[in-house]
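Asks: Dropping in upload.tsv, with TSV, C-alpha atoms.
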chain	number	residue	atom	x	y	z
A	1	MET	CA	88.66	20.33	104.98
A	2	LYS	CA	89.41	20.72	108.69
A	3	GLN	CA	90.73	24.23	108.04
A	4	LEU	CA	87.51	25.16	106.20
A	5	SER	CA	85.37	23.86	109.07
A	6	LEU	CA	87.46	25.81	111.56
A	7	LEU	CA	87.03	28.97	109.50
A	8	PHE	CA	83.22	28.55	109.44
A	9	TYR	CA	83.23	27.96	113.21
A	10	ILE	CA	85.18	31.15	113.85
A	11	LEU	CA	82.87	33.12	111.58
A	12	PHE	CA	79.85	31.68	113.40
A	13	LEU	CA	81.26	32.70	116.82
A	14	PHE	CA	82.08	36.19	115.57
A	15	SER	CA	78.55	36.55	114.18
A	16	CYS	CA	77.05	35.51	117.53
A	17	LYS	CA	79.25	38.01	119.35
A	18	GLN	CA	78.16	40.79	116.99
A	19	ASN	CA	74.48	40.06	117.63
A	20	ALA	CA	74.85	39.59	121.40
A	21	PRO	CA	72.98	42.10	123.54
A	22	ILE	CA	75.09	45.01	124.75
A	23	LYS	CA	75.75	44.97	128.48
A	24	ASN	CA	75.53	48.14	130.54
A	25	ASP	CA	79.24	47.75	131.34
A	26	ASP	CA	80.08	48.09	127.64
A	27	ILE	CA	78.40	51.48	127.27
A	28	VAL	CA	80.38	54.61	128.05
A	29	PRO	CA	77.99	56.76	130.07
A	30	SER	CA	76.72	59.77	128.13
A	31	ASP	CA	77.50	61.99	131.11
A	32	LYS	CA	81.17	60.96	131.20
A	33	ARG	CA	83.02	64.22	131.69
A	34	ASN	CA	86.28	65.56	130.32
A	35	HIS	CA	87.44	67.14	133.55
A	36	ALA	CA	90.61	68.71	132.14
A	37	ALA	CA	88.71	70.45	129.34
A	38	GLU	CA	86.17	71.70	131.87
A	39	LEU	CA	88.95	73.14	134.05
A	40	ILE	CA	90.43	74.93	131.05
A	41	GLU	CA	87.00	76.33	130.21
A	42	LYS	CA	86.67	77.54	133.81
A	43	ASP	CA	89.91	79.60	133.60
A	44	PHE	CA	92.18	77.14	135.41
A	45	LEU	CA	95.11	78.47	133.32
A	46	LYS	CA	94.22	82.13	133.84
A	47	TYR	CA	97.25	82.95	136.03
A	48	ALA	CA	99.65	80.38	134.56
A	49	ASP	CA	103.13	81.32	133.33
A	50	SER	CA	102.38	82.72	129.87
A	51	THR	CA	105.52	81.11	128.41
A	52	LYS	CA	104.33	77.65	129.48
A	53	VAL	CA	100.58	77.78	128.83
A	54	ASP	CA	100.69	75.40	125.85
A	55	SER	CA	102.71	72.73	127.67
A	56	LEU	CA	100.64	73.14	130.85
A	57	LYS	CA	97.47	72.72	128.81
A	58	MET	CA	98.80	69.51	127.24
A	59	GLU	CA	99.87	68.15	130.64
A	60	LEU	CA	96.43	68.94	132.01
A	61	LEU	CA	94.65	67.26	129.10
A	62	ASN	CA	96.93	64.22	128.94
A	63	ALA	CA	97.65	63.52	132.60
A	64	PHE	CA	95.37	65.82	134.62
A	65	THR	CA	98.44	67.63	135.98
A	66	ILE	CA	96.95	70.29	138.24
A	67	TYR	CA	99.71	70.97	140.76
A	68	ASP	CA	102.51	72.35	138.57
A	69	ALA	CA	104.14	75.42	140.16
A	70	ALA	CA	103.86	77.29	136.84
A	71	LEU	CA	100.07	77.31	137.26
A	72	PHE	CA	100.45	79.62	140.30
A	73	LYS	CA	97.76	77.78	142.22
A	74	THR	CA	99.47	75.39	144.66
A	75	ALA	CA	101.92	75.84	147.53
A	76	HIS	CA	103.59	73.36	149.89
A	77	ILE	CA	102.65	74.47	153.40
A	78	ASP	CA	103.81	71.78	155.88
A	79	ALA	CA	101.48	71.69	158.89
A	80	GLU	CA	104.44	71.48	161.28
A	81	ALA	CA	105.97	74.69	159.93
A	82	LEU	CA	102.66	76.51	160.17
A	83	ALA	CA	101.85	75.25	163.69
A	84	GLU	CA	105.33	76.23	164.89
A	85	PHE	CA	105.00	79.75	163.40
A	86	SER	CA	107.68	79.15	160.74
A	87	PHE	CA	105.80	81.24	158.21
A	88	ASP	CA	108.91	81.95	156.13
A	89	PHE	CA	108.78	78.32	154.99
A	90	PHE	CA	105.62	78.81	152.91
A	91	LEU	CA	104.65	82.49	152.90
A	92	PRO	CA	106.91	83.49	149.98
A	93	ASN	CA	105.26	80.83	147.79
A	94	LEU	CA	101.77	81.88	148.88
A	95	ASN	CA	102.58	85.50	148.10
A	96	THR	CA	103.99	84.55	144.69
A	97	ILE	CA	100.62	82.97	143.91
A	98	LEU	CA	98.66	85.89	145.35
A	99	ALA	CA	100.83	88.49	143.59
A	100	LYS	CA	99.39	87.22	140.29
A	101	ARG	CA	96.04	88.34	141.69
A	102	ASN	CA	97.33	91.70	142.99
A	103	SER	CA	97.10	90.50	146.57
A	104	SER	CA	99.46	89.55	149.40
A	105	LEU	CA	99.62	88.32	152.99
A	106	THR	CA	101.61	89.45	155.99
A	107	VAL	CA	101.74	86.97	158.85
A	108	LYS	CA	103.43	87.22	162.23
A	109	LYS	CA	102.99	85.99	165.78
A	110	SER	CA	101.02	88.58	167.72
A	111	ASN	CA	103.42	88.45	170.69
A	112	ASP	CA	106.42	86.59	172.05
A	113	ASN	CA	104.62	84.81	174.87
A	114	TYR	CA	105.37	81.09	174.72
A	115	ASP	CA	101.79	80.22	175.68
A	116	SER	CA	100.20	82.46	173.03
A	117	PHE	CA	99.06	80.77	169.84
A	118	GLU	CA	97.67	83.89	168.21
A	119	VAL	CA	98.94	85.30	164.93
A	120	LEU	CA	98.15	88.37	162.88
A	121	ILE	CA	97.22	87.83	159.22
A	122	ASN	CA	97.20	91.18	157.44
A	123	GLY	CA	96.84	92.70	160.89
A	124	GLN	CA	93.80	90.58	161.78
A	125	PRO	CA	94.15	88.29	164.84
A	126	ILE	CA	93.46	84.57	164.72
A	127	GLN	CA	94.23	81.87	167.27
A	128	LEU	CA	95.83	78.95	165.46
A	129	TYR	CA	95.07	76.42	168.21
A	130	THR	CA	94.46	76.08	171.93
A	131	GLN	CA	96.58	74.71	174.76
A	132	LEU	CA	94.31	71.65	174.87
A	133	GLU	CA	94.89	70.99	171.16
A	134	LEU	CA	98.63	71.33	171.74
A	135	ASP	CA	98.43	68.89	174.66
A	136	ASN	CA	96.43	66.27	172.76
A	137	ASP	CA	98.54	66.58	169.58
A	138	THR	CA	95.76	67.80	167.30
A	139	PHE	CA	97.31	71.23	166.72
A	140	TRP	CA	98.92	70.19	163.41
A	141	SER	CA	95.40	69.65	162.08
A	142	THR	CA	93.79	72.64	163.76
A	143	ALA	CA	96.39	75.27	162.86
A	144	PRO	CA	96.06	74.97	159.04
A	145	ILE	CA	92.27	74.92	159.20
A	146	ASN	CA	92.10	78.08	161.32
A	147	PHE	CA	94.84	79.77	159.30
A	148	PHE	CA	93.27	79.20	155.89
A	149	ARG	CA	89.74	79.92	157.08
A	150	LYS	CA	91.01	83.36	158.06
A	151	VAL	CA	92.91	83.79	154.79
A	152	ASN	CA	89.78	82.84	152.86
A	153	THR	CA	87.76	85.38	154.84
A	154	ILE	CA	90.28	88.05	153.84
A	155	LEU	CA	90.17	86.95	150.19
A	156	LYS	CA	86.37	87.03	150.18
A	157	ALA	CA	86.36	90.52	151.72
A	158	ASN	CA	88.61	91.58	148.82
A	159	ASP	CA	86.04	90.22	146.32
A	160	SER	CA	88.16	87.25	145.26
A	161	ASN	CA	86.27	84.46	143.50
A	162	GLU	CA	88.97	82.00	144.62
A	163	GLN	CA	89.49	80.31	147.97
A	164	PHE	CA	92.25	78.12	149.36
A	165	TYR	CA	91.52	74.42	149.70
A	166	LEU	CA	93.84	71.99	151.47
A	167	LEU	CA	95.48	68.82	150.21
A	168	TYR	CA	96.98	65.98	152.25
A	169	GLY	CA	98.20	66.78	155.76
A	170	GLY	CA	101.16	66.79	158.14
A	171	ASN	CA	104.48	67.58	156.51
A	172	ASP	CA	102.89	67.00	153.09
A	173	LEU	CA	100.18	69.63	153.57
A	174	HIS	CA	99.55	71.74	150.47
A	175	ALA	CA	97.11	74.52	149.68
A	176	ILE	CA	95.51	75.11	146.29
A	177	LEU	CA	93.68	78.27	145.22
A	178	LEU	CA	90.49	77.48	143.29
A	179	THR	CA	87.15	78.90	142.27
A	180	ASP	CA	84.11	76.95	143.44
A	181	GLU	CA	83.61	75.57	139.92
A	182	GLN	CA	87.21	74.42	139.66
A	183	PHE	CA	86.97	72.74	143.06
A	184	PHE	CA	83.83	70.80	142.10
A	185	ILE	CA	85.44	69.58	138.86
A	186	ILE	CA	88.56	68.35	140.68
A	187	ALA	CA	86.49	66.81	143.50
A	188	ASP	CA	84.44	64.93	140.89
A	189	TYR	CA	87.57	63.73	139.09
A	190	TYR	CA	88.88	62.30	142.38
A	191	LYS	CA	85.50	61.11	143.69
A	192	ASP	CA	86.85	57.55	143.99
A	193	ASN	CA	90.20	58.63	145.44
A	194	PHE	CA	89.42	60.51	148.63
A	195	ASN	CA	93.09	61.07	149.53
A	196	GLU	CA	93.65	63.14	146.38
A	197	ARG	CA	90.61	65.37	146.80
A	198	PRO	CA	91.13	68.97	147.99
A	199	TYR	CA	89.09	69.80	151.07
A	200	LYS	CA	87.72	72.98	152.59
A	201	PRO	CA	89.55	74.25	155.66
Show me, as structure tokens, the structure contained in the file I just sent.

Replies:
Amino acid sequence: MKQLSLLFYILFLFSCKQNAPIKNDDIVPSDKRNHAAELIEKDFLKYADSTKVDSLKMELLNAFTIYDAALFKTAHIDAEALAEFSFDFFLPNLNTILAKRNSSLTVKKSNDNYDSFEVLINGQPIQLYTQLELDNDTFWSTAPINFFRKVNTILKANDSNEQFYLLYGGNDLHAILLTDEQFFIIADYYKDNFNERPYKP
């Protein structure tokens, strides 16, 4: 008899739960986005290694993997290397990415003067940082911003619909080449994780 009473009690509780009003927290918002699918739709895989497209697509859909080298979108830069004019550290990777788009960069220091912080990017001069920024130790931040602003100007002049955005900083600095639409999708995906969001130089 006790078992029968217990069964009725459980059924009663379940019935009450079924009829309980739905809380807002229980509803999946209708505007919840599938960011990976949106990236794919916006040609995120356009320049990817053709032999790996299927696996890259699955990684993107299952784990939002957007930094795989086979996508030809991301390069490790290292702010220290850039600020100290060690362009050979990252330029080959940048040019591998750009070669997929029939583009390339040449970068060199404009002269050998120790107090000159000017470089030539595809023959165009840009000052990476000032003496004051060197003295107050902000040149690691300034150099990548000035460098990639200039690179983006060159890309835009060549009618590219992609621009470089930066990720992280210091020795972990990376650059990722994105269209505006791709950037906004990724920024929205990481809207609650500021440290993972690409940012404009």

Asks: Mind pulling up the distance from CA of Asp78 in chain A to CA of Tyr165 in chain A?

Replies: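 Interatomic distance, CA of Tyr165 in chain A to CA of Asp78 in chain A: 14.0 Å.
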
Asks: Around the point (89.0, 72.9, 142.4) in the file's coordinates, collect all residues with an atom within 12 Å, using only C-alpha atoms, and return them as a PDB file with C-alpha atoms, in the frame of the given file.

Replies:
ATOM      1  CA  HIS A  35      87.440  67.140 133.550  1.00  0.00           C
ATOM      2  CA  ALA A  36      90.610  68.710 132.140  1.00  0.00           C
ATOM      3  CA  GLU A  38      86.170  71.700 131.870  1.00  0.00           C
ATOM      4  CA  LEU A  39      88.950  73.140 134.050  1.00  0.00           C
ATOM      5  CA  ILE A  40      90.430  74.930 131.050  1.00  0.00           C
ATOM      6  CA  LYS A  42      86.670  77.540 133.810  1.00  0.00           C
ATOM      7  CA  ASP A  43      89.910  79.600 133.600  1.00  0.00           C
ATOM      8  CA  PHE A  44      92.180  77.140 135.410  1.00  0.00           C
ATOM      9  CA  ILE A  66      96.950  70.290 138.240  1.00  0.00           C
ATOM     10  CA  TYR A  67      99.710  70.970 140.760  1.00  0.00           C
ATOM     11  CA  LYS A  73      97.760  77.780 142.220  1.00  0.00           C
ATOM     12  CA  THR A  74      99.470  75.390 144.660  1.00  0.00           C
ATOM     13  CA  ASN A 161      86.270  84.460 143.500  1.00  0.00           C
ATOM     14  CA  GLU A 162      88.970  82.000 144.620  1.00  0.00           C
ATOM     15  CA  GLN A 163      89.490  80.310 147.970  1.00  0.00           C
ATOM     16  CA  PHE A 164      92.250  78.120 149.360  1.00  0.00           C
ATOM     17  CA  TYR A 165      91.520  74.420 149.700  1.00  0.00           C
ATOM     18  CA  LEU A 166      93.840  71.990 151.470  1.00  0.00           C
ATOM     19  CA  LEU A 167      95.480  68.820 150.210  1.00  0.00           C
ATOM     20  CA  ALA A 175      97.110  74.520 149.680  1.00  0.00           C
ATOM     21  CA  ILE A 176      95.510  75.110 146.290  1.00  0.00           C
ATOM     22  CA  LEU A 177      93.680  78.270 145.220  1.00  0.00           C
ATOM     23  CA  LEU A 178      90.490  77.480 143.290  1.00  0.00           C
ATOM     24  CA  THR A 179      87.150  78.900 142.270  1.00  0.00           C
ATOM     25  CA  ASP A 180      84.110  76.950 143.440  1.00  0.00           C
ATOM     26  CA  GLU A 181      83.610  75.570 139.920  1.00  0.00           C
ATOM     27  CA  GLN A 182      87.210  74.420 139.660  1.00  0.00           C
ATOM     28  CA  PHE A 183      86.970  72.740 143.060  1.00  0.00           C
ATOM     29  CA  PHE A 184      83.830  70.800 142.100  1.00  0.00           C
ATOM     30  CA  ILE A 185      85.440  69.580 138.860  1.00  0.00           C
ATOM     31  CA  ILE A 186      88.560  68.350 140.680  1.00  0.00           C
ATOM     32  CA  ALA A 187      86.490  66.810 143.500  1.00  0.00           C
ATOM     33  CA  ASP A 188      84.440  64.930 140.890  1.00  0.00           C
ATOM     34  CA  TYR A 189      87.570  63.730 139.090  1.00  0.00           C
ATOM     35  CA  TYR A 190      88.880  62.300 142.380  1.00  0.00           C
ATOM     36  CA  GLU A 196      93.650  63.140 146.380  1.00  0.00           C
ATOM     37  CA  ARG A 197      90.610  65.370 146.800  1.00  0.00           C
ATOM     38  CA  PRO A 198      91.130  68.970 147.990  1.00  0.00           C
ATOM     39  CA  TYR A 199      89.090  69.800 151.070  1.00  0.00           C
ATOM     40  CA  LYS A 200      87.720  72.980 152.590  1.00  0.00           C
TER      41      LYS A 200
END

Asks: What lies within 9 Å of range 47-58 of chain A using all atoms listed in the file, ignoring chain neighbours under 6 positions off, as an MDAnalysis selection string?

Replies: chainID A and resid 36 40 64:66 68:73 97 100:101

Asks: Nearest to Glu80 in chain A among A:Ala157, A:Leu60, A:Ile121, A:Ala143, with distances taken over all atoms listed in the file: which residue is it?

Replies: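 Once distances to Glu80 in chain A are computed over all atoms listed in the file, the minimum belongs to A:Ala143.
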
Asks: Considering all atoms listed in the file, state which residue in the set A:Ser110, A:Asn102, A:Ser86, A:Asn171 is at the smallest distance from Ile126 in chain A.

Replies: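 Closest candidate: A:Ser110.
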
Asks: Between CA of Ser141 in chain A and CA of Gly169 in chain A, what is the spacing in Å?

Replies: 7.5 Å

Asks: For the atom pair CA of Ala99 in chain A and CA of Leu155 in chain A, what is the interatomic distance in Å to one decimal place?

Replies: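 According to the coordinates, CA of Ala99 in chain A and CA of Leu155 in chain A are separated by 12.6 Å.
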
Asks: Give the answer as one residue: which of A:Phe139, A:Phe90, A:Phe194, A:Phe85 has the shortest atom-to-atom distance to Asn111 in chain A, using only C-alpha atoms?

Replies: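 Closest to Asn111 in chain A of all the choices is A:Phe85.
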
Asks: Name all residues at most 10 Å from Tyr129 in chain A (count all atoms listed in the file; drop same-chain ones fewer than 6 positions away) and give them as a list of chain:residue names.

Replies: A:Ala83, A:Ser116, A:Phe117, A:Glu118, A:Thr138, A:Phe139, A:Trp140, A:Ser141, A:Thr142, A:Ala143, A:Pro144, A:Ile145, A:Asn146, A:Phe147
